[in-house]
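Only one structure is covered here, and it is reproduced in the block below.
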Amino acid sequence: MTLPLTPSQTAGPFFAIGLPWADGPHVVPEGTPGAITISGRVLDGAGAPVTDGLVETWQAGPDGRFAHPDDPRSGGEAAGFRGFGRCPTDAAGRYCVMTLRPGRLPSAGGGWEAPHLDVSVFARGLLDRVVTRIYFPDEEEANLADPVLRAIADPGRRATLIAAAQPGQPGQPGEFRFDIRLQGRQETVFFEV
Amino acid sequence: MPANPLPGAALDLPTYRRPAGVHPPLDSPGYRSTALRHPREPLVRLPHGLTEITGPVLGEGRVTAADADLTTQHAGEPLGERIIVTGRVLDSDGRPVPGTLIEVWQANAAGRYHHAVDNHSAPLDPNFSGAGRCITDSEGRYRFVTIKPGAYPWGNHYNAWRPAHIHFSLFGCAFTQRLVTRMYFPGDPLFAQDPIFNSVPDAAARQRMICRFDLSITQPEWALGYEWDIVLRGREAAVFEREEGW
């Protein structure tokens, strides 16, 4: 039996009624040792901020594992680590998630995937989510071996998937910036999943 | 680098079938807001690895039974036609998706959203916020009590009106299954002029966004009943044979 799928529709401009959670941006509780911040802006094809977007992230824990029955290595995940982040964009198009750095993880085809977060963006004007990935700038060796990055031939396009390190504040070991450009100059690489 | 018990070994992971031709194209000129928001570069095919075949397990502790009744969230009852919306979340192999979070949001009976940027002149209802959530049961079933949302005008083109709908957000059990969609009501005269409904290219697929009136769900002297099943992506066949866990 094969059932035909339910089609996607845009989240529209009013999803803030139902989707944001107070703890959405906190993949780990506030004050978790080793927590990092990833923030950035969502921009449209004219470079204008997308002020009615929703950014969601999904990632492995620091050990590269998922608390999920389909991860054959699951178990022993960090307490309080949800893996999932959700943040609506603000009046400047800005989003932010507080999380732990994901570990490297084995690739389905052998080899290793570099530490990354999968990202979904929803907004008015997006009839289906767009999906991208966030990689880390200080994982050069792992990034070079990553099968998903390697499949993107153009180095300029590949670079749109690497977050930028932000100058750290005392007591904040990791601050990263990742802008998402939906269209045009420096358009972010989006994936068909 | 943390030690890993399977250093670089190929993993036997499920993969999910690709949804060819079902979802609307991101560039849909009839819906003006897509103009500056659709990627121009072709999408890159992402192989399904561990990040894609897993997903968040959400809801327990985040949802109470009361969250599924949008008519009892305030001191008084909202105005409008009371309805029951129920159905199942399935994957395309017909397997129920149990224990998954569903979030809904909608306009009130007058066609107005409880949201700062909705400037439609229709009245707000102090007894209706328009947000609900629930977790599917062991058979993938969900059930909401709400009021039928009204149609409302929008600025896409001259005399543009959105057919009545309820927004649905679903996680399924994997990143690949994440879906945000809308449920429409049968027989709505506004379908023909609506570029969002018609952004779905296949006519049969558009019909799958429309719920079905059901007298057996309807409760006498109380509320009309509608049924709507939601189908998320299923796994590639070989893997379906291998595992029945989810």
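Just so we're on the same page: first chain in the structure tokens is A, next is B, and so on; residues restart at 1 for each chain, and ligands are numbered from 1 in the order they show up.
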
Chain A residues near chain B (7 Å cut-off, only C-alpha atoms) as a PyMOL selection string
chain A and resi 1-11+14-15+17-18+44-46+59-60+63+68+70-71+83-84+106-112+124-128+182-184+190-193

Spatial neighbours of range 30-37 of chain A, 6 Å, only C-alpha atoms, chain gap at least 5 places, as a ChimeraX atom specification:
/A:97-100,174-175

Could you please take those selected residues and save N, CA and C atoms as a JSON list (two decimals), in the first residue's frame?
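The result, written out as result-v9.json:
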```
[["chain", "number", "residue", "atom", "x", "y", "z"],
["A", 97, "VAL", "N", 19.99, 30.53, 18.54],
["A", 97, "VAL", "CA", 19.81, 29.30, 19.32],
["A", 97, "VAL", "C", 21.00, 29.09, 20.24],
["A", 98, "MET", "N", 20.71, 28.60, 21.44],
["A", 98, "MET", "CA", 21.75, 28.27, 22.41],
["A", 98, "MET", "C", 21.82, 26.75, 22.51],
["A", 99, "THR", "N", 23.01, 26.20, 22.26],
["A", 99, "THR", "CA", 23.10, 24.75, 22.15],
["A", 99, "THR", "C", 24.49, 24.26, 22.55],
["A", 100, "LEU", "N", 24.73, 22.98, 22.37],
["A", 100, "LEU", "CA", 26.07, 22.41, 22.54],
["A", 100, "LEU", "C", 26.62, 22.09, 21.16],
["A", 174, "GLY", "N", 31.77, 30.14, 22.92],
["A", 174, "GLY", "CA", 31.50, 29.99, 21.49],
["A", 174, "GLY", "C", 30.34, 30.83, 21.03],
["A", 175, "GLU", "N", 30.63, 31.78, 20.15],
["A", 175, "GLU", "CA", 29.55, 32.56, 19.55],
["A", 175, "GLU", "C", 29.76, 32.50, 18.05]]
```

Give me the residues near Val42 in chain A as number ranges by chain, where near means some atom within 8 Å (using only C-alpha atoms) and where sequence neighbours in that chain fewer than 2 positions away do not count.
A: 40, 44, 49-51, 53, 89, 93-95, 179-182

As a list in words, please: every residue in range 16-189 of chain A that a backbone DSSP assignment puts in alpha helix (DSSP H).
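Here is the list: Glu140, Glu141, Ala142, Asn143, Leu144, Ala145, Pro147, Val148, Leu149, Arg150, Pro155, Gly156, Arg157, Arg158 and Ala159 of chain A.
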
Restricting it to N, CA and C atoms, dump the selection as a short mmCIF file (atom, residue, chain, number, x, y, z; two decimals), in the first residue's frame.
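selection.cif was written with the following content:
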```cif
data_model
loop_
_atom_site.label_atom_id
_atom_site.label_comp_id
_atom_site.auth_asym_id
_atom_site.auth_seq_id
_atom_site.Cartn_x
_atom_site.Cartn_y
_atom_site.Cartn_z
N GLU A 140 38.12 22.60 10.14
CA GLU A 140 38.53 22.58 8.73
C GLU A 140 38.78 21.16 8.21
N GLU A 141 39.47 20.37 9.02
CA GLU A 141 39.80 19.01 8.57
C GLU A 141 38.54 18.17 8.37
N ALA A 142 37.66 18.25 9.36
CA ALA A 142 36.41 17.48 9.27
C ALA A 142 35.55 17.98 8.10
N ASN A 143 35.53 19.31 7.90
CA ASN A 143 34.73 19.86 6.80
C ASN A 143 35.25 19.38 5.44
N LEU A 144 36.59 19.30 5.34
CA LEU A 144 37.18 18.85 4.07
C LEU A 144 36.78 17.41 3.74
N ALA A 145 36.55 16.60 4.77
CA ALA A 145 36.19 15.19 4.56
C ALA A 145 34.68 14.97 4.50
N PRO A 147 31.09 14.46 3.31
CA PRO A 147 30.57 14.10 1.98
C PRO A 147 29.56 15.11 1.42
N VAL A 148 28.82 15.79 2.31
CA VAL A 148 27.83 16.75 1.81
C VAL A 148 28.53 18.01 1.30
N LEU A 149 29.50 18.51 2.05
CA LEU A 149 30.26 19.68 1.58
C LEU A 149 31.05 19.35 0.32
N ARG A 150 31.61 18.16 0.29
CA ARG A 150 32.43 17.77 -0.87
C ARG A 150 31.63 17.71 -2.16
N PRO A 155 33.42 26.58 -4.42
CA PRO A 155 33.83 26.94 -3.05
C PRO A 155 33.04 28.12 -2.48
N GLY A 156 32.60 29.03 -3.32
CA GLY A 156 31.81 30.16 -2.85
C GLY A 156 30.46 29.69 -2.31
N ARG A 157 29.85 28.76 -3.01
CA ARG A 157 28.57 28.20 -2.56
C ARG A 157 28.78 27.41 -1.26
N ARG A 158 29.83 26.60 -1.25
CA ARG A 158 30.13 25.79 -0.06
C ARG A 158 30.29 26.68 1.18
N ALA A 159 30.93 27.83 0.97
CA ALA A 159 31.20 28.74 2.09
C ALA A 159 29.94 29.28 2.74
#
```

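Summary of the local environment: counting only C-alpha atoms, residues at most 7 Å from range 120-126 of chain B, other than itself and those fewer than 3 positions away along its chain, are Pro78, Asn108, Ala110, Gly111, Arg112 and His114 of chain B.
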
Now that the selection is made, can you save its residues with N, CA and C atoms as a PDB file, in the first residue's frame?
```pdb
ATOM      1  N   PRO B  78     -15.917  30.920  22.747  1.00  0.00           N
ATOM      2  CA  PRO B  78     -15.775  31.749  21.544  1.00  0.00           C
ATOM      3  C   PRO B  78     -17.042  31.716  20.688  1.00  0.00           C
ATOM      4  N   ASN B 108     -10.178  33.412  13.889  1.00  0.00           N
ATOM      5  CA  ASN B 108     -11.442  33.205  14.599  1.00  0.00           C
ATOM      6  C   ASN B 108     -12.598  33.099  13.594  1.00  0.00           C
ATOM      7  N   ALA B 110     -14.727  35.119  12.659  1.00  0.00           N
ATOM      8  CA  ALA B 110     -14.892  36.294  11.805  1.00  0.00           C
ATOM      9  C   ALA B 110     -13.770  36.441  10.777  1.00  0.00           C
ATOM     10  N   GLY B 111     -12.779  35.548  10.824  1.00  0.00           N
ATOM     11  CA  GLY B 111     -11.683  35.636   9.873  1.00  0.00           C
ATOM     12  C   GLY B 111     -10.547  36.523  10.331  1.00  0.00           C
ATOM     13  N   ARG B 112     -10.394  36.684  11.633  1.00  0.00           N
ATOM     14  CA  ARG B 112      -9.337  37.545  12.184  1.00  0.00           C
ATOM     15  C   ARG B 112      -8.405  36.711  13.057  1.00  0.00           C
ATOM     16  N   HIS B 114      -5.554  36.377  15.990  1.00  0.00           N
ATOM     17  CA  HIS B 114      -5.144  37.059  17.228  1.00  0.00           C
ATOM     18  C   HIS B 114      -3.647  37.359  17.120  1.00  0.00           C
TER      19      HIS B 114
END
```
